[in-house]
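Visitor: Handing you this structure, nothing more for now.
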Amino acid sequence: MEQHVVKLTDAENQLADLLQAAGAADAKAALTANGLPTRRIEEYHYTDLRTLLREVPANLAKANDGLPSEQFEDFSRIVLVNGALVHADTIDGVEIKSADVARTVGHDQIINLMDGFAQSQIEIVISKSIETPIHIAQVHDGANSVAASKVNVRTAKGVEAAIIETFEGSNESGLRFADFAMDVAAESNLLHIQLDQNAKYARQFVQNRYDLHEDANLRTLVTHSNFQLGRTDIKADFKGEGAHADFGGLNLLVGQQHGDITLNVNHGVPNTTSTESFKSIVRDRAKAIFQGKIIVAPDAQKTDAQMMCQGLLLSERAEVLVKPELEIFADDVLCAHGATCGELDENHLFYLMSRGISRADAESMLIKAFLAELFDEIENEQVHAKLENRVDAWLAAAE
Amino acid sequence: MTTPILEIKNLHVKVEEEDKQILKGVDLTLPAGEVHAIMGRNGSGKSTLSYVLAGKDGYEVTEGEILFMGKDLLEMEADERAAAGLFLAFQYPIEIPGVATMTFLKAALNAQRKTRGEDELKIPEFMKLVKDASAQLEINQDMLKRPLNVGFSGGEKKRAEILQMALMQPSLCVLDETDSGLDIDALKIVSEGVNHLRDANRSMLVITHYQRLLNYIVPDRVHVFSDGRVVESGDRELALELEKKGYAEFDGTAA
Ligand SMILES: Nc1ncnc2c1ncn2[C@@H]1O[C@H](COP(=O)(O)OP(=O)(O)OP(=O)(O)O)[C@@H](O)[C@H]1O
Ligand SMILES: [Mg+2]
């Protein structure tokens, strides 16, 4: 392997020191050898972290027991503060425990940091269908600090369950990492939603990994709206025939926010299907990125994958950057991708205004209409309401 | 004398950022309680006039003025005009995916009430209004569960426009080719709906190509529109004469 000699930035040096303090010597070595990902690395083309991560916190977050503000009535609760398990409701058929972290070092420095900073990993085993969703509140407590969490979910065959994660943070700029892995067992039916409620200047890196087995069904939704800089890396691997997944995501950004959702879906076996629906709404000078790659393996016949990314630009200087890709090695497949990007339709606005609705309200109606498709699939009323409230607050803040 | 509902004086309009003059001196006075018809060739500027009345962006008034119940209409935003009592039934109603028809109707009615300083409608009150008005226009309630105008047939869209008009009770109704796309029965139902709204305090400007509509909605006056102007005005008989002789007799383009 070619070894580059990289002159590290102050931020990279700082992160290397913190990795050392966290006991992650291998991750430190990898970072010092390669530096943070720059635009020259394809997956980070639009999110050059050498430029975007120029300032990093000075401390590792300490374990503590700060409590989250986000509440869902009747949901079961698991609370992680700075990655450590501090509370878990007793849930029938669900085992929750904290284990030693298993670290690996690979070519992606952000994933190395994620693993390097994690001090434990939370294992959740769901062996029975559960009616009430599980809420995992991920709290980052402690100003100006680095925290990381790792959550591994496994389910038994045929299980039905919903997991709602919220990311919350203290009020000053922090840097957080969250790794989530879910093994979607055969015939199971799972929902995974992430809502971010971070502090304004937080920087957040999330990785979601899904393995899908025979006849499994999965729906996911990632929301990006509360942070300064955020990236979610989604990796899905179809390993069993008959599996289906719907991947969804939203960048709802304003000011100077930068949100990046990068998706890799690998249809590795025949007869699997997926939809990918990603939307971005940007105002001011915000930048939303969606990179989606669907790979269909040579023997993965009858794959059906439909990817759509749509952007709504509310200001002249806001940006939506999309890169949908299909890599198809099988011949009998149905795969498509589409991308649209534009402003609100003036004819729509005029029609609404001609009925007495103010411009601001007409814009809000159209923005919500743009999102309706994405949210309508979320049947849980509380979660649905949270999503809508988030959008309402976002719209109100802009007025 | 009472103030007319609408006075258009020497109105000149061009397309913004283009050198295209569309309206070239429209004069028209619409007294309270009257129904006036506008007939004219394709492309003569009838819809443009309706858009300028409703406040659509993209047009520039280069000369003239419009008074709506004595007030300068051109000073008002589209939503303010609606709240003040102006309603345009679109020639081509716009489909808006993702906006539920009922949500839209409620938002529109309440927005207008708010601008006028009135209380919001309570939900049962609102439901009853919609139910009664749609029954009269023979509109299927299922249609109202769909997104606004999305997938409505041509005729259904036109009925939905008149439903909105009935709910909003405007002082000035501008109907742009509401009859086109309606079958014979629907034409009757819609015309009855319109006639039902005729009132001493309400005026209507009915744009149409077909004198048949005017058998149902009998106008007080008929104006012939040509190349961005009213070239001839008369009573109901003018529409019949126009049908017989064609436009050339009126706009001087006879060979
Ligand atoms: N935004 C625009 N840009 C350029 N030309 C325009 C614009 N709007 C209208 N026009 C032109 O102005 C003319 C008048 O159009 P308008 O739609 O008002 O006609 P109309 O009388 O309603 O016709 P019809 O009977 O076919 O409905 C047409 O030639 C049309 O192409
Ligand atoms: Mg027209």
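By order in the structure tokens, chains are A, B, ...; within a chain, residues start at 1; ligands start at 1, following the order shown.
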Within 8 Å of ligand 2, counting only C-alpha atoms and all ligand atoms, which protein or nucleic acid residues do you find, written as a PyMOL selection string?
Guide: chain B and resi 42-43+45-48+91+176-177
Visitor: Just write the chosen residues, C-alpha atoms, as a CSV table (one decimal), in the first residue's frame.
Guide:
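Final file, again.csv:
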chain,number,residue,atom,x,y,z
B,42,ASN,CA,-57.7,33.4,-28.8
B,43,GLY,CA,-54.7,35.2,-27.7
B,45,GLY,CA,-55.4,39.1,-23.9
B,46,LYS,CA,-58.5,38.0,-21.9
B,47,SER,CA,-56.6,35.7,-19.5
B,48,THR,CA,-53.9,38.2,-19.1
B,91,GLN,CA,-59.1,29.0,-17.1
B,176,ASP,CA,-62.1,32.7,-17.2
B,177,GLU,CA,-63.7,30.2,-19.6
Visitor: Need the shell around Ile96 (chain B): protein/DNA/RNA residues with any atom at most 7 Å away, counting only C-alpha atoms. Skip same-chain ones fewer than 4 positions apart. Format as a list in words?
Guide: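 The contact residues come out as His348 of chain A; Pro147, Leu148, Asn149 and Val150 of chain B.
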Visitor: Can I get the selected residues back with all heavy atoms, as a PDB file, in the first residue's frame?
Guide:
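Once written, again-v5.pdb looks like this:
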ATOM      1  N   HIS A 348     -47.832  27.687  -8.509  1.00  0.00           N
ATOM      2  CA  HIS A 348     -48.462  27.138  -7.307  1.00  0.00           C
ATOM      3  C   HIS A 348     -48.655  28.240  -6.277  1.00  0.00           C
ATOM      4  O   HIS A 348     -49.713  28.371  -5.667  1.00  0.00           O
ATOM      5  CB  HIS A 348     -47.592  26.032  -6.705  1.00  0.00           C
ATOM      6  CG  HIS A 348     -47.560  24.777  -7.534  1.00  0.00           C
ATOM      7  ND1 HIS A 348     -46.841  23.671  -7.178  1.00  0.00           N
ATOM      8  CD2 HIS A 348     -48.171  24.468  -8.700  1.00  0.00           C
ATOM      9  CE1 HIS A 348     -47.008  22.718  -8.092  1.00  0.00           C
ATOM     10  NE2 HIS A 348     -47.801  23.190  -9.029  1.00  0.00           N
TER      11      HIS A 348
ATOM     12  N   PRO B 147     -55.564  15.411  -3.308  1.00  0.00           N
ATOM     13  CA  PRO B 147     -54.769  16.643  -3.341  1.00  0.00           C
ATOM     14  C   PRO B 147     -55.395  17.650  -4.314  1.00  0.00           C
ATOM     15  O   PRO B 147     -56.065  17.249  -5.263  1.00  0.00           O
ATOM     16  CB  PRO B 147     -53.407  16.178  -3.845  1.00  0.00           C
ATOM     17  CG  PRO B 147     -53.373  14.706  -3.618  1.00  0.00           C
ATOM     18  CD  PRO B 147     -54.779  14.231  -3.695  1.00  0.00           C
ATOM     19  N   LEU B 148     -55.163  18.897  -4.056  1.00  0.00           N
ATOM     20  CA  LEU B 148     -55.803  19.990  -4.772  1.00  0.00           C
ATOM     21  C   LEU B 148     -55.699  19.875  -6.294  1.00  0.00           C
ATOM     22  O   LEU B 148     -54.599  19.965  -6.854  1.00  0.00           O
ATOM     23  CB  LEU B 148     -55.167  21.301  -4.300  1.00  0.00           C
ATOM     24  CG  LEU B 148     -55.799  22.604  -4.779  1.00  0.00           C
ATOM     25  CD1 LEU B 148     -57.286  22.653  -4.483  1.00  0.00           C
ATOM     26  CD2 LEU B 148     -55.079  23.775  -4.129  1.00  0.00           C
ATOM     27  N   ASN B 149     -56.840  19.658  -6.916  1.00  0.00           N
ATOM     28  CA  ASN B 149     -56.966  19.565  -8.376  1.00  0.00           C
ATOM     29  C   ASN B 149     -56.198  18.407  -9.026  1.00  0.00           C
ATOM     30  O   ASN B 149     -56.263  18.247 -10.244  1.00  0.00           O
ATOM     31  CB  ASN B 149     -56.519  20.873  -9.071  1.00  0.00           C
ATOM     32  CG  ASN B 149     -57.488  22.009  -8.816  1.00  0.00           C
ATOM     33  OD1 ASN B 149     -58.700  21.783  -8.726  1.00  0.00           O
ATOM     34  ND2 ASN B 149     -56.973  23.217  -8.682  1.00  0.00           N
ATOM     35  N   VAL B 150     -55.481  17.626  -8.214  1.00  0.00           N
ATOM     36  CA  VAL B 150     -54.633  16.592  -8.812  1.00  0.00           C
ATOM     37  C   VAL B 150     -55.495  15.436  -9.319  1.00  0.00           C
ATOM     38  O   VAL B 150     -56.273  14.848  -8.570  1.00  0.00           O
ATOM     39  CB  VAL B 150     -53.582  16.062  -7.811  1.00  0.00           C
ATOM     40  CG1 VAL B 150     -52.769  14.925  -8.422  1.00  0.00           C
ATOM     41  CG2 VAL B 150     -52.663  17.197  -7.375  1.00  0.00           C
TER      42      VAL B 150
END
Visitor: Using only C-alpha atoms, I'd like a table of the residues in chain B that come within 10 Å of chain A; for each, show the closest atom pair and its distance in Å rounded to one decimal, ordered by chain and ascending number, as a tab-separated table.
Guide:
residue	atom	partner	partner_atom	distance
B:Tyr51	CA	A:Ser354	CA	9.6
B:Ala54	CA	A:Ser354	CA	6.4
B:Gly55	CA	A:Ser354	CA	7.6
B:Lys56	CA	A:Phe350	CA	6.3
B:Asp57	CA	A:Phe350	CA	8.0
B:Gly58	CA	A:Glu346	CA	9.9
B:Glu77	CA	A:Met353	CA	8.4
B:Ala78	CA	A:Ser354	CA	5.2
B:Asp79	CA	A:Gly356	CA	3.9
B:Glu80	CA	A:Gly356	CA	6.4
B:Arg81	CA	A:Gly356	CA	7.4
B:Ala82	CA	A:Gly356	CA	4.8
B:Ala83	CA	A:Gly356	CA	5.4
B:Ala84	CA	A:Gly356	CA	8.8
B:Gly85	CA	A:Gly356	CA	9.3
B:Leu86	CA	A:Ser354	CA	8.5
B:Phe87	CA	A:Ser354	CA	7.3
B:Leu88	CA	A:Ser354	CA	7.4
B:Ala89	CA	A:Ser354	CA	9.7
B:Phe90	CA	A:Tyr351	CA	8.8
B:Pro93	CA	A:Tyr351	CA	8.0
B:Ile94	CA	A:His348	CA	6.7
B:Glu95	CA	A:His348	CA	7.8
B:Ile96	CA	A:His348	CA	6.6
B:Pro97	CA	A:Ala369	CA	6.8
B:Gly98	CA	A:Ala369	CA	4.1
B:Val99	CA	A:Ala369	CA	5.5
B:Ala100	CA	A:Ala369	CA	8.7
B:Thr103	CA	A:Met365	CA	9.5
B:Phe104	CA	A:Leu352	CA	8.1
B:Leu105	CA	A:Arg355	CA	8.7
B:Ala107	CA	A:Ile357	CA	7.0
B:Ala108	CA	A:Ile357	CA	5.5
B:Leu109	CA	A:Gly356	CA	7.5
B:Asn110	CA	A:Ile357	CA	8.6
B:Ala111	CA	A:Ile357	CA	5.6
B:Gln112	CA	A:Gly356	CA	5.2
B:Arg113	CA	A:Gly356	CA	9.0
B:Lys114	CA	A:Gly356	CA	9.7
B:Thr115	CA	A:Gly356	CA	8.4
B:Pro147	CA	A:Ala369	CA	9.6
B:Gln164	CA	A:Arg355	CA	8.5
B:Met165	CA	A:Arg355	CA	9.3
B:Met168	CA	A:Arg355	CA	8.5
Visitor: Kindly save the residues from that selection, with C-alpha atoms included, as a short mmCIF file (atom, residue, chain, number, x, y, z; two decimals), in the first residue's frame.
Guide:
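The resulting file, again.cif, is reproduced below:
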data_model
loop_
_atom_site.label_atom_id
_atom_site.label_comp_id
_atom_site.auth_asym_id
_atom_site.auth_seq_id
_atom_site.Cartn_x
_atom_site.Cartn_y
_atom_site.Cartn_z
CA TYR B 51 -54.27 37.55 -14.15
CA ALA B 54 -55.84 38.78 -9.58
CA GLY B 55 -52.29 40.07 -9.05
CA LYS B 56 -50.05 37.58 -10.79
CA ASP B 57 -46.35 38.42 -11.02
CA GLY B 58 -44.62 38.69 -14.34
CA GLU B 77 -50.78 41.76 -3.21
CA ALA B 78 -52.70 38.80 -4.63
CA ASP B 79 -53.71 37.54 -1.20
CA GLU B 80 -54.93 40.99 -0.14
CA ARG B 81 -57.07 41.22 -3.26
CA ALA B 82 -58.67 37.89 -2.43
CA ALA B 83 -59.38 38.98 1.12
CA ALA B 84 -60.85 42.21 -0.22
CA GLY B 85 -63.31 40.16 -2.25
CA LEU B 86 -61.79 39.46 -5.65
CA PHE B 87 -61.99 35.93 -6.99
CA LEU B 88 -60.58 34.49 -10.20
CA ALA B 89 -61.86 31.16 -11.48
CA PHE B 90 -58.85 30.02 -13.51
CA PRO B 93 -56.79 25.53 -12.47
CA ILE B 94 -53.42 24.54 -11.02
CA GLU B 95 -52.73 21.06 -9.67
CA ILE B 96 -50.85 21.10 -6.39
CA PRO B 97 -49.63 17.66 -5.31
CA GLY B 98 -49.24 17.12 -1.57
CA VAL B 99 -51.76 19.80 -0.56
CA ALA B 100 -55.04 18.23 0.51
CA THR B 103 -56.68 21.66 4.12
CA PHE B 104 -56.36 24.19 1.35
CA LEU B 105 -60.00 25.32 1.53
CA ALA B 107 -56.49 27.65 5.07
CA ALA B 108 -57.85 29.94 2.34
CA LEU B 109 -61.12 30.75 4.08
CA ASN B 110 -59.42 31.39 7.40
CA ALA B 111 -56.66 33.45 5.87
CA GLN B 112 -59.24 35.72 4.27
CA ARG B 113 -61.19 35.97 7.50
CA LYS B 114 -58.02 36.78 9.41
CA THR B 115 -57.10 39.57 6.98
CA PRO B 147 -54.77 16.64 -3.34
CA GLN B 164 -64.25 27.80 -3.96
CA MET B 165 -66.06 30.85 -5.25
CA MET B 168 -65.49 32.64 -0.45
#
Visitor: Show me which residues are within 12 Å of ligand 1 counting only C-alpha atoms and all ligand atoms, and format the list as number ranges by chain.
Guide: A: 347; B: 13-24, 38-53, 56-60, 90-92, 175-178, 180, 207-210, 224-230
Visitor: Give the strand (DSSP E) residues of region 20-169 of chain B, as DSSP finds them on the backbone, and put them as a ChimeraX atom specification.
Guide: /B:21-30,35-40,59-68,71-72,86-89
Visitor: Pick out the residues sitting within 9 Å of Gln257 (chain A), and hand them over as a ChimeraX atom specification; count only C-alpha atoms, and ignore anything fewer than 4 positions along from it in its own chain.
Guide: /A:225-230,253,282,285-288
Visitor: Put those residues in a file: C-alpha atoms, as a PDB file, in the first residue's frame.
Guide:
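Saved the output as part_34.pdb:
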ATOM      1  CA  SER A 225     -31.497  19.632  10.597  1.00  0.00           C
ATOM      2  CA  ASN A 226     -29.922  20.423  13.922  1.00  0.00           C
ATOM      3  CA  PHE A 227     -26.193  20.756  13.654  1.00  0.00           C
ATOM      4  CA  GLN A 228     -23.543  22.858  12.003  1.00  0.00           C
ATOM      5  CA  LEU A 229     -22.026  19.995  10.071  1.00  0.00           C
ATOM      6  CA  GLY A 230     -23.425  16.527   9.728  1.00  0.00           C
ATOM      7  CA  LEU A 253     -30.837  23.167   6.317  1.00  0.00           C
ATOM      8  CA  VAL A 282     -31.994  24.522   1.785  1.00  0.00           C
ATOM      9  CA  ARG A 285     -26.087  29.494   2.203  1.00  0.00           C
ATOM     10  CA  ALA A 286     -26.756  25.983   3.411  1.00  0.00           C
ATOM     11  CA  LYS A 287     -25.403  23.024   1.492  1.00  0.00           C
ATOM     12  CA  ALA A 288     -27.127  19.660   1.197  1.00  0.00           C
TER      13      ALA A 288
END
Visitor: Quick one: residues within 10 Å of Thr155 (chain A), only C-alpha atoms counted, chain neighbours fewer than 2 positions away excluded, as a PyMOL selection string?
Guide: chain A and resi 94+124-129+153+157-161+182-186+188-190
Visitor: Find the spatial neighbours of region 268-277 of chain A, counting only C-alpha atoms, within a cut-off of 7 Å - ignore same-chain residues fewer than 3 positions away - and output them as a ChimeraX atom specification.
Guide: /A:237-249,296-297,299-309
Visitor: Please save N, CA, C and O atoms of the selected residues as a CSV table (one decimal), in the first residue's frame.
Guide:
chain,number,residue,atom,x,y,z
A,237,ASP,N,-26.7,-4.0,3.1
A,237,ASP,CA,-26.3,-5.2,2.4
A,237,ASP,C,-27.4,-6.2,2.3
A,237,ASP,O,-27.9,-6.7,3.4
A,238,PHE,N,-27.9,-6.5,1.1
A,238,PHE,CA,-28.9,-7.5,1.0
A,238,PHE,C,-28.3,-8.9,0.9
A,238,PHE,O,-27.5,-9.2,0.0
A,239,LYS,N,-28.6,-9.7,2.0
A,239,LYS,CA,-27.9,-11.0,2.1
A,239,LYS,C,-28.9,-12.2,1.9
A,239,LYS,O,-28.4,-13.3,1.9
A,240,GLY,N,-30.2,-11.9,1.9
A,240,GLY,CA,-31.1,-13.0,1.8
A,240,GLY,C,-32.2,-12.6,0.7
A,240,GLY,O,-32.6,-11.5,0.6
A,241,GLU,N,-32.6,-13.6,-0.1
A,241,GLU,CA,-33.6,-13.3,-1.1
A,241,GLU,C,-34.9,-12.9,-0.5
A,241,GLU,O,-35.3,-13.2,0.6
A,242,GLY,N,-35.6,-12.1,-1.3
A,242,GLY,CA,-37.0,-11.7,-0.9
A,242,GLY,C,-37.0,-10.5,0.1
A,242,GLY,O,-38.1,-10.1,0.5
A,243,ALA,N,-35.8,-10.0,0.4
A,243,ALA,CA,-35.8,-8.9,1.3
A,243,ALA,C,-36.2,-7.5,0.6
A,243,ALA,O,-35.9,-7.4,-0.6
A,244,HIS,N,-36.8,-6.6,1.4
A,244,HIS,CA,-37.1,-5.3,0.8
A,244,HIS,C,-36.8,-4.2,1.8
A,244,HIS,O,-36.9,-4.4,3.0
A,245,ALA,N,-36.3,-3.1,1.3
A,245,ALA,CA,-36.0,-2.0,2.2
A,245,ALA,C,-36.4,-0.7,1.6
A,245,ALA,O,-36.3,-0.5,0.4
A,246,ASP,N,-36.9,0.3,2.4
A,246,ASP,CA,-37.1,1.6,2.0
A,246,ASP,C,-36.2,2.5,2.7
A,246,ASP,O,-36.3,2.6,4.0
A,247,PHE,N,-35.3,3.2,2.0
A,247,PHE,CA,-34.4,4.1,2.7
A,247,PHE,C,-34.9,5.6,2.5
A,247,PHE,O,-35.1,5.9,1.3
A,248,GLY,N,-35.0,6.3,3.5
A,248,GLY,CA,-35.4,7.7,3.4
A,248,GLY,C,-34.5,8.7,4.1
A,248,GLY,O,-33.8,8.3,5.1
A,249,GLY,N,-34.4,9.9,3.6
A,249,GLY,CA,-33.6,10.9,4.3
A,249,GLY,C,-34.0,12.3,4.0
A,249,GLY,O,-34.6,12.6,2.9
A,296,VAL,N,-25.6,-3.7,-7.9
A,296,VAL,CA,-26.3,-5.0,-8.1
A,296,VAL,C,-25.3,-6.0,-8.6
A,296,VAL,O,-24.7,-5.9,-9.6
A,297,ALA,N,-25.1,-7.0,-7.7
A,297,ALA,CA,-24.1,-8.1,-8.0
A,297,ALA,C,-24.5,-8.9,-9.2
A,297,ALA,O,-25.6,-9.0,-9.6
A,299,ASP,N,-25.0,-12.0,-9.9
A,299,ASP,CA,-26.0,-13.0,-9.9
A,299,ASP,C,-27.3,-12.5,-9.2
A,299,ASP,O,-28.2,-13.2,-8.9
A,300,ALA,N,-27.4,-11.2,-8.9
A,300,ALA,CA,-28.5,-10.7,-8.2
A,300,ALA,C,-29.7,-10.3,-9.2
A,300,ALA,O,-30.1,-9.2,-9.3
A,301,GLN,N,-30.1,-11.4,-9.9
A,301,GLN,CA,-31.2,-11.1,-10.9
A,301,GLN,C,-32.5,-10.7,-10.2
A,301,GLN,O,-32.7,-11.0,-9.0
A,302,LYS,N,-33.3,-10.1,-10.9
A,302,LYS,CA,-34.7,-9.6,-10.4
A,302,LYS,C,-34.6,-8.6,-9.3
A,302,LYS,O,-35.5,-8.4,-8.5
A,303,THR,N,-33.4,-7.9,-9.2
A,303,THR,CA,-33.3,-6.8,-8.3
A,303,THR,C,-34.2,-5.7,-8.8
A,303,THR,O,-34.2,-5.4,-10.0
A,304,ASP,N,-34.9,-5.0,-7.9
A,304,ASP,CA,-35.7,-3.8,-8.3
A,304,ASP,C,-35.3,-2.7,-7.3
A,304,ASP,O,-35.5,-2.8,-6.1
A,305,ALA,N,-34.6,-1.7,-7.8
A,305,ALA,CA,-34.2,-0.6,-6.9
A,305,ALA,C,-34.6,0.7,-7.5
A,305,ALA,O,-34.3,1.0,-8.7
A,306,GLN,N,-35.3,1.5,-6.8
A,306,GLN,CA,-35.8,2.8,-7.3
A,306,GLN,C,-35.3,3.9,-6.4
A,306,GLN,O,-35.7,4.1,-5.3
A,307,MET,N,-34.4,4.8,-7.0
A,307,MET,CA,-33.8,5.8,-6.2
A,307,MET,C,-34.2,7.2,-6.7
A,307,MET,O,-34.2,7.4,-7.9
A,308,MET,N,-34.6,8.1,-5.8
A,308,MET,CA,-35.1,9.4,-6.2
A,308,MET,C,-34.5,10.4,-5.2
A,308,MET,O,-34.6,10.3,-4.0
A,309,CYS,N,-33.9,11.5,-5.7
A,309,CYS,CA,-33.5,12.5,-4.8
A,309,CYS,C,-34.0,13.9,-5.4
A,309,CYS,O,-34.0,14.1,-6.5
Visitor: Would you list, as a ChimeraX atom specification, the residues of region 123-200 of chain B that end up in helix (DSSP H, G or I) under DSSP run on this structure's backbone?
Guide: /B:123-136,141-145,154-168,184-197
Visitor: Neighbouring residues of Leu11 (chain B) were defined as those with any atom within 8 Å, considering only C-alpha atoms; residues of the same chain fewer than 3 positions away were excluded. Please report them as a ChimeraX atom specification.
Guide: /B:8,23-27,61-66
Visitor: Would you save the residues from that selection as a CSV table (one decimal), in the first residue's frame, using all heavy atoms?
Guide:
chain,number,residue,atom,x,y,z
B,8,ILE,N,-61.7,49.8,-14.9
B,8,ILE,CA,-60.4,49.6,-15.5
B,8,ILE,C,-60.3,50.8,-16.5
B,8,ILE,O,-61.1,51.0,-17.3
B,8,ILE,CB,-60.4,48.3,-16.3
B,8,ILE,CG1,-60.7,47.1,-15.4
B,8,ILE,CG2,-59.0,48.1,-17.0
B,8,ILE,CD1,-60.8,45.7,-16.1
B,23,LEU,N,-51.9,44.0,-23.2
B,23,LEU,CA,-53.1,44.9,-23.1
B,23,LEU,C,-52.7,46.3,-23.6
B,23,LEU,O,-51.7,46.8,-23.2
B,23,LEU,CB,-53.6,44.9,-21.7
B,23,LEU,CG,-54.0,43.5,-21.1
B,23,LEU,CD1,-54.6,43.6,-19.7
B,23,LEU,CD2,-55.0,42.7,-22.0
B,24,LYS,N,-53.6,46.8,-24.4
B,24,LYS,CA,-53.3,48.1,-25.1
B,24,LYS,C,-54.4,49.1,-24.9
B,24,LYS,O,-54.9,49.7,-25.9
B,24,LYS,CB,-53.1,47.8,-26.6
B,24,LYS,CG,-52.0,46.7,-26.8
B,24,LYS,CD,-51.9,46.3,-28.3
B,24,LYS,CE,-50.8,45.3,-28.5
B,24,LYS,NZ,-50.8,44.7,-29.8
B,25,GLY,N,-54.7,49.3,-23.7
B,25,GLY,CA,-55.7,50.4,-23.4
B,25,GLY,C,-57.1,49.8,-23.1
B,25,GLY,O,-58.1,50.2,-23.8
B,26,VAL,N,-57.2,49.0,-22.1
B,26,VAL,CA,-58.5,48.4,-21.8
B,26,VAL,C,-59.3,49.4,-20.9
B,26,VAL,O,-58.8,50.0,-20.0
B,26,VAL,CB,-58.4,47.1,-21.0
B,26,VAL,CG1,-59.8,46.5,-20.6
B,26,VAL,CG2,-57.6,46.1,-21.7
B,27,ASP,N,-60.6,49.7,-21.3
B,27,ASP,CA,-61.5,50.5,-20.5
B,27,ASP,C,-62.7,49.7,-20.3
B,27,ASP,O,-63.3,49.1,-21.2
B,27,ASP,CB,-61.9,51.8,-21.3
B,27,ASP,CG,-60.8,52.8,-21.3
B,27,ASP,OD1,-60.5,53.3,-20.2
B,27,ASP,OD2,-60.3,53.1,-22.4
B,61,VAL,N,-47.6,46.9,-15.5
B,61,VAL,CA,-48.6,47.8,-16.0
B,61,VAL,C,-47.9,49.1,-16.4
B,61,VAL,O,-47.2,49.7,-15.6
B,61,VAL,CB,-49.6,48.1,-14.8
B,61,VAL,CG1,-50.6,49.2,-15.3
B,61,VAL,CG2,-50.4,46.9,-14.5
B,62,THR,N,-47.9,49.4,-17.7
B,62,THR,CA,-47.2,50.5,-18.2
B,62,THR,C,-48.0,51.8,-18.2
B,62,THR,O,-47.5,52.9,-18.3
B,62,THR,CB,-46.6,50.3,-19.6
B,62,THR,OG1,-47.7,49.8,-20.4
B,62,THR,CG2,-45.5,49.2,-19.5
B,63,GLU,N,-49.3,51.7,-18.2
B,63,GLU,CA,-50.2,52.8,-18.2
B,63,GLU,C,-51.5,52.4,-17.7
B,63,GLU,O,-51.9,51.3,-17.8
B,63,GLU,CB,-50.4,53.3,-19.7
B,63,GLU,CG,-50.2,54.8,-19.9
B,63,GLU,CD,-50.5,55.1,-21.4
B,63,GLU,OE1,-49.8,54.6,-22.3
B,63,GLU,OE2,-51.4,56.0,-21.6
B,64,GLY,N,-52.3,53.4,-17.1
B,64,GLY,CA,-53.6,53.2,-16.7
B,64,GLY,C,-53.8,52.7,-15.3
B,64,GLY,O,-52.8,52.6,-14.5
B,65,GLU,N,-55.0,52.5,-14.8
B,65,GLU,CA,-55.2,52.1,-13.5
B,65,GLU,C,-56.4,51.2,-13.3
B,65,GLU,O,-57.2,51.0,-14.2
B,65,GLU,CB,-55.4,53.3,-12.6
B,65,GLU,CG,-56.6,54.1,-12.9
B,65,GLU,CD,-56.8,55.3,-11.9
B,65,GLU,OE1,-56.2,55.2,-10.8
B,65,GLU,OE2,-57.6,56.2,-12.2
B,66,ILE,N,-56.5,50.5,-12.2
B,66,ILE,CA,-57.6,49.6,-11.9
B,66,ILE,C,-58.1,50.0,-10.5
B,66,ILE,O,-57.4,50.0,-9.5
B,66,ILE,CB,-57.3,48.1,-11.9
B,66,ILE,CG1,-56.6,47.7,-13.2
B,66,ILE,CG2,-58.5,47.3,-11.7
B,66,ILE,CD1,-56.1,46.3,-13.2
Visitor: Between A:Thr220, A:Asp284, A:Ile111, A:Arg39, which has the minimum distance to Glu316 (chain A) (counting only C-alpha atoms)?
Guide: A:Asp284
